[in-house]
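A quick write-up on the structure given underneath.
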Amino acid sequence: MVENIHCRQRASSWSTVSASTSAGGIRVLMLLIANAGWIVFLSPAIVDFGEVGEEEEEDRLLGRYHVRVFGLFLKKTSQAIDYWLFLGSLPSLARNSNRLPEWFTEVFCSLGRGSFFLDGPIFSNLKYFVTCHDKNIEYILKSHSNNFPKGPEFKQVFDPLGDGIFNVDADAWKVQRRMAHAAFISSEYKGLVSNMCRGVVEDQVVPLLVRLAKTGTTIDLQEVCSRFAFDVNMNTIFGKHANYLSIQLPSNDLAEAIDAAQEGVFYRHTMSMFMWKLMRLFGIAGKDTIASGLIWFFWLVSKTPSVEKNIIEELKVLMSSKTGKLFEDGEWPLVFDSDDINGLVYLHAALCESMRIYPPVSYSRKTVLSEAVLPDGSLVKPGMEIIIPFYSVGRMPWIWEEDCLEFRPERWIDDDGKLNRHENVSKFVAFSLGPSSCLGKDLSFTQMKALVAAVLFNFQIEVLEGQHVRPKPAISLHMEKGLEVKIQKRVI
Ligand code: HEM
């Protein structure tokens with residue numbers, strides 16, 4: 001069972017207000033400060049309305065909500081969210097700004113449905129519609145995606161990404177998407193990434209883990225995953241790895257990056273400029289997401305020995321079928337070819353399952369162009385911001401059934417032993433859906449499988465006791481304090 005909030009748990013512990021890294025968080029804080037006078041002035045007069053009735057909830061869902069003021073009644077409390085007369089839901093939002101994925105999930109579960117509104121203070125235009133309703137998601141991301149672009153605020157938040165595909169809408173996006181898609185399906189790019197992965201696993205990761213296993217030194221596995229993803233990207237972009245996985249785990253990032261960049265000037269001449277620019281852009285896209293996908297996977301596997309056993313069995317069968325004899329623990333360590341492991345069913349299912357529970361991109365954000373009534377009846381208006389918390393989608397019992405918090409790769413496999421792609425396709429949102437879904441999905445699996453197969457087959461990972469594992473508040477879902485582990489040689 002995943003150690004985390006359970007769906008039926010109510011929001012119980014309110015965190016202190018902390019600065020969020022996103023512009024949205026900063027804006028929330030500024031608004032809170034601006035309204036501080038009101039809070040002090042009104043606080044003695046706050047009286048709880050108690051639970052909100054079904055009819056009022058219906059009003060809210062349809063956007064017809066009005067706060068009724070009777071004398072001193074200035075705050076309404078739904079099950080996990082407060083609505084204040086002047087402040088809207090700002091205090092709730094601010095209190096939970098350092099745990100938004102968990103909080104959104106608690107709100108959905110306590111409301112018992114997949115959508116709610118968050119209003120900013122009066123005179124602010126802060127209005128969010130938050131949804132993890134599967135039909136709404138399909139509507140917003142797939143069937144009516146033209147009406148829900150990224151919008152101008154997105155560009156401000158993700159300013160470092162410039163005018164790349166991640167930041168632009170409409171025609172600028174279409175052109176980049178078409179070009180990028182052509183590159184992604186090209187065998188040149190796929191082959192390059194496969195080779196780079198194998199190289200980094202064989203020359204960097206495995207030697208590092210062999211040394212750690214011999215010396216018994218502990219290490220932050222999140223750091224290893226991050227550096228693996230970074231090294232693969234450096235390799236792909238500059239044709240040279242940054243050696244970030246050497247035993248000393250060098251930390252002089254800037255100097256290393258400059259060295260690599262200088263070498264890269266020569267490398268750039270050996271491949272087309274278009275391809276090189278594309279890789280540079282995607283290097284940014286891939287590093288954090290791959291690292292996040294890997295670390296949560298290793299953590300879930302470490303807590304579920306039956307899954308680990310099944311993955312190793314599948315790899316043993318693969319080895320035996322390749323060599324024509326039963327696998328014996330003679331050769332160690334072993335590294336697999338991407339072409340061989342890409343077709344493994346259980347490994348693929350286990351990766352999907354872990355990204356269902358811990359999606360590397362924790363949410364998607366869109367704006368509304370024209371008024372629309374969504375499939376669940378919610379009315380969204382022009383200019384409104386929509387948040388789709390991918391983290392919550394995988395944790396809703398009405399989407400993923402009662403055992404949704406269990407790490408169970410079997411849910412992805414049909415009775416005939418094949419991957420159950422159809423049933424899960426529209427509710428698995430880790431790579432988003434529709435025309436702007438992730439272009440790097442297949443390559444991500446290639447990279448993750450290369451590392452996971454080599455690590456699990458050759459080593460046992462022991463997670464050190466007493467660590468409080470929880471997500472860090474950011475768009476990429478990393479562990480707040482990393483994951484300290486001990487590595488041992490695996491005896492098959
Ligand atoms: C486990 C790894 C990954 C995950 C979970 C992931 C997830 C996502 C998600 C959720 C989006 C949509 C974002 C949004 O619209 O809000 C996206 C977009 C995108 N991803 Fe990934 N990604 C991963 C790795 C990669 C890699 C390695 C690459 C490139 C090498 C890549 C390239 C892209 C591109 C180009 C887009 C933009 C598509 C568009 O706007 O048309 N991704 N990704």
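Ordering of the structure tokens sets the chain letters (A, B, ...), residue numbers begin anew at 1 in every chain, and ligands are numbered from 1 in the order given.
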(message) Please find the residues contacting ligand 1 at a distance of at most 6 Å between atoms, with only C-alpha atoms and all ligand atoms counted, and report them as a ChimeraX atom specification.
(response) /A:165-166,177,282,285-286,289-290,293,360-361,364-365,430-432,436-441,443-444
(message) List the spatial neighbours of Asn310 (chain A) as an MDAnalysis selection string - criterion: any atom at most 12 Å away, only C-alpha atoms, same-chain residues fewer than 2 positions off excluded.
(response) chainID A and resid 301 304:308 312:317 344:350 408:410 453 456:457
(message) When you count only C-alpha atoms, which of these residues is closest to Asp442 (chain A): A:Ala94, A:Cys352, A:Leu369, A:Cys404?
(response) A:Cys352
(request) If you run DSSP over the backbone, which residues in region 363-475 of chain A end up strand (DSSP E or B)? Put them as a PyMOL selection string. (result) chain A and resi 363-367+372-373+379-380+385-389+413+419+459-463+471
(message) Taking 5 positions as the minimum chain separation for residues in the same chain, which residues sit within 8 Å of Ile386 (chain A) when counting only C-alpha atoms? Answer as a PyMOL selection string.
(response) chain A and resi 128-131+365-368
Resulting file, chosen residues, N, CA and C atoms, as a short mmCIF file (atom, residue, chain, number, x, y, z; two decimals), in the first residue's frame:
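Result saved to again.cif:
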```cif
data_model
loop_
_atom_site.label_atom_id
_atom_site.label_comp_id
_atom_site.auth_asym_id
_atom_site.auth_seq_id
_atom_site.Cartn_x
_atom_site.Cartn_y
_atom_site.Cartn_z
N TYR A 128 -9.70 29.78 -10.26
CA TYR A 128 -9.24 28.51 -10.80
C TYR A 128 -10.36 27.50 -10.79
N PHE A 129 -10.37 26.68 -11.84
CA PHE A 129 -11.24 25.51 -11.84
C PHE A 129 -10.30 24.31 -11.78
N VAL A 130 -10.45 23.50 -10.73
CA VAL A 130 -9.53 22.38 -10.55
C VAL A 130 -10.30 21.10 -10.84
N THR A 131 -9.79 20.29 -11.74
CA THR A 131 -10.55 19.08 -12.08
C THR A 131 -9.65 17.87 -12.29
N ARG A 365 -1.76 22.94 -16.75
CA ARG A 365 -2.48 24.19 -16.52
C ARG A 365 -2.93 24.76 -17.86
N LYS A 366 -4.18 25.12 -17.97
CA LYS A 366 -4.72 25.67 -19.22
C LYS A 366 -5.57 26.90 -18.90
N THR A 367 -5.90 27.69 -19.94
CA THR A 367 -6.85 28.79 -19.74
C THR A 367 -8.08 28.55 -20.62
N VAL A 368 -9.15 29.29 -20.32
CA VAL A 368 -10.40 29.11 -21.07
C VAL A 368 -10.54 30.26 -22.07
#
```
(request) Excluding Ser143 (chain A) and residues on its chain fewer than 2 positions from it, collect all residues at most 12 Å away from it, counting only C-alpha atoms, and give them as a ChimeraX atom specification. (result) /A:135-141,145-148,374-375,426,433-436
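Across the model, the gap from CA of Ile413 (chain A) to CA of Leu477 (chain A) is 25.9 Å.
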(request) Using only C-alpha atoms, find the one residue out of A:Gly151, A:Ser378, A:Asp134, A:Lys309 that sits nearest to Asn424 (chain A). (result) A:Asp134
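Distances here use only C-alpha atoms; by that measure, the residue among A:Gln176, A:Asn233, A:Gln222, A:Ser370 closest to Lys481 (chain A) is A:Gln222.
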(request) Please identify all polymer residues within 8 Å of His133 (chain A), counting only C-alpha atoms, omitting same-chain residues fewer than 4 positions from it, and present them as a VMD selection string. (result) chain A and resid 113 to 115 137 376 393
(request) Would you work out the distance separating CA of Trp296 (chain A) from CA of Pro389 (chain A), expressed in Å to one decimal? (result) 17.4 Å
(message) Taking the DSSP secondary structure from the backbone, can you list the residues of region 110-225 of chain A that are alpha helix (DSSP H), as an MDAnalysis selection string?
(response) chainID A and resid 110:111 134:138 151:157 170:184 187:200 206:215 221:225
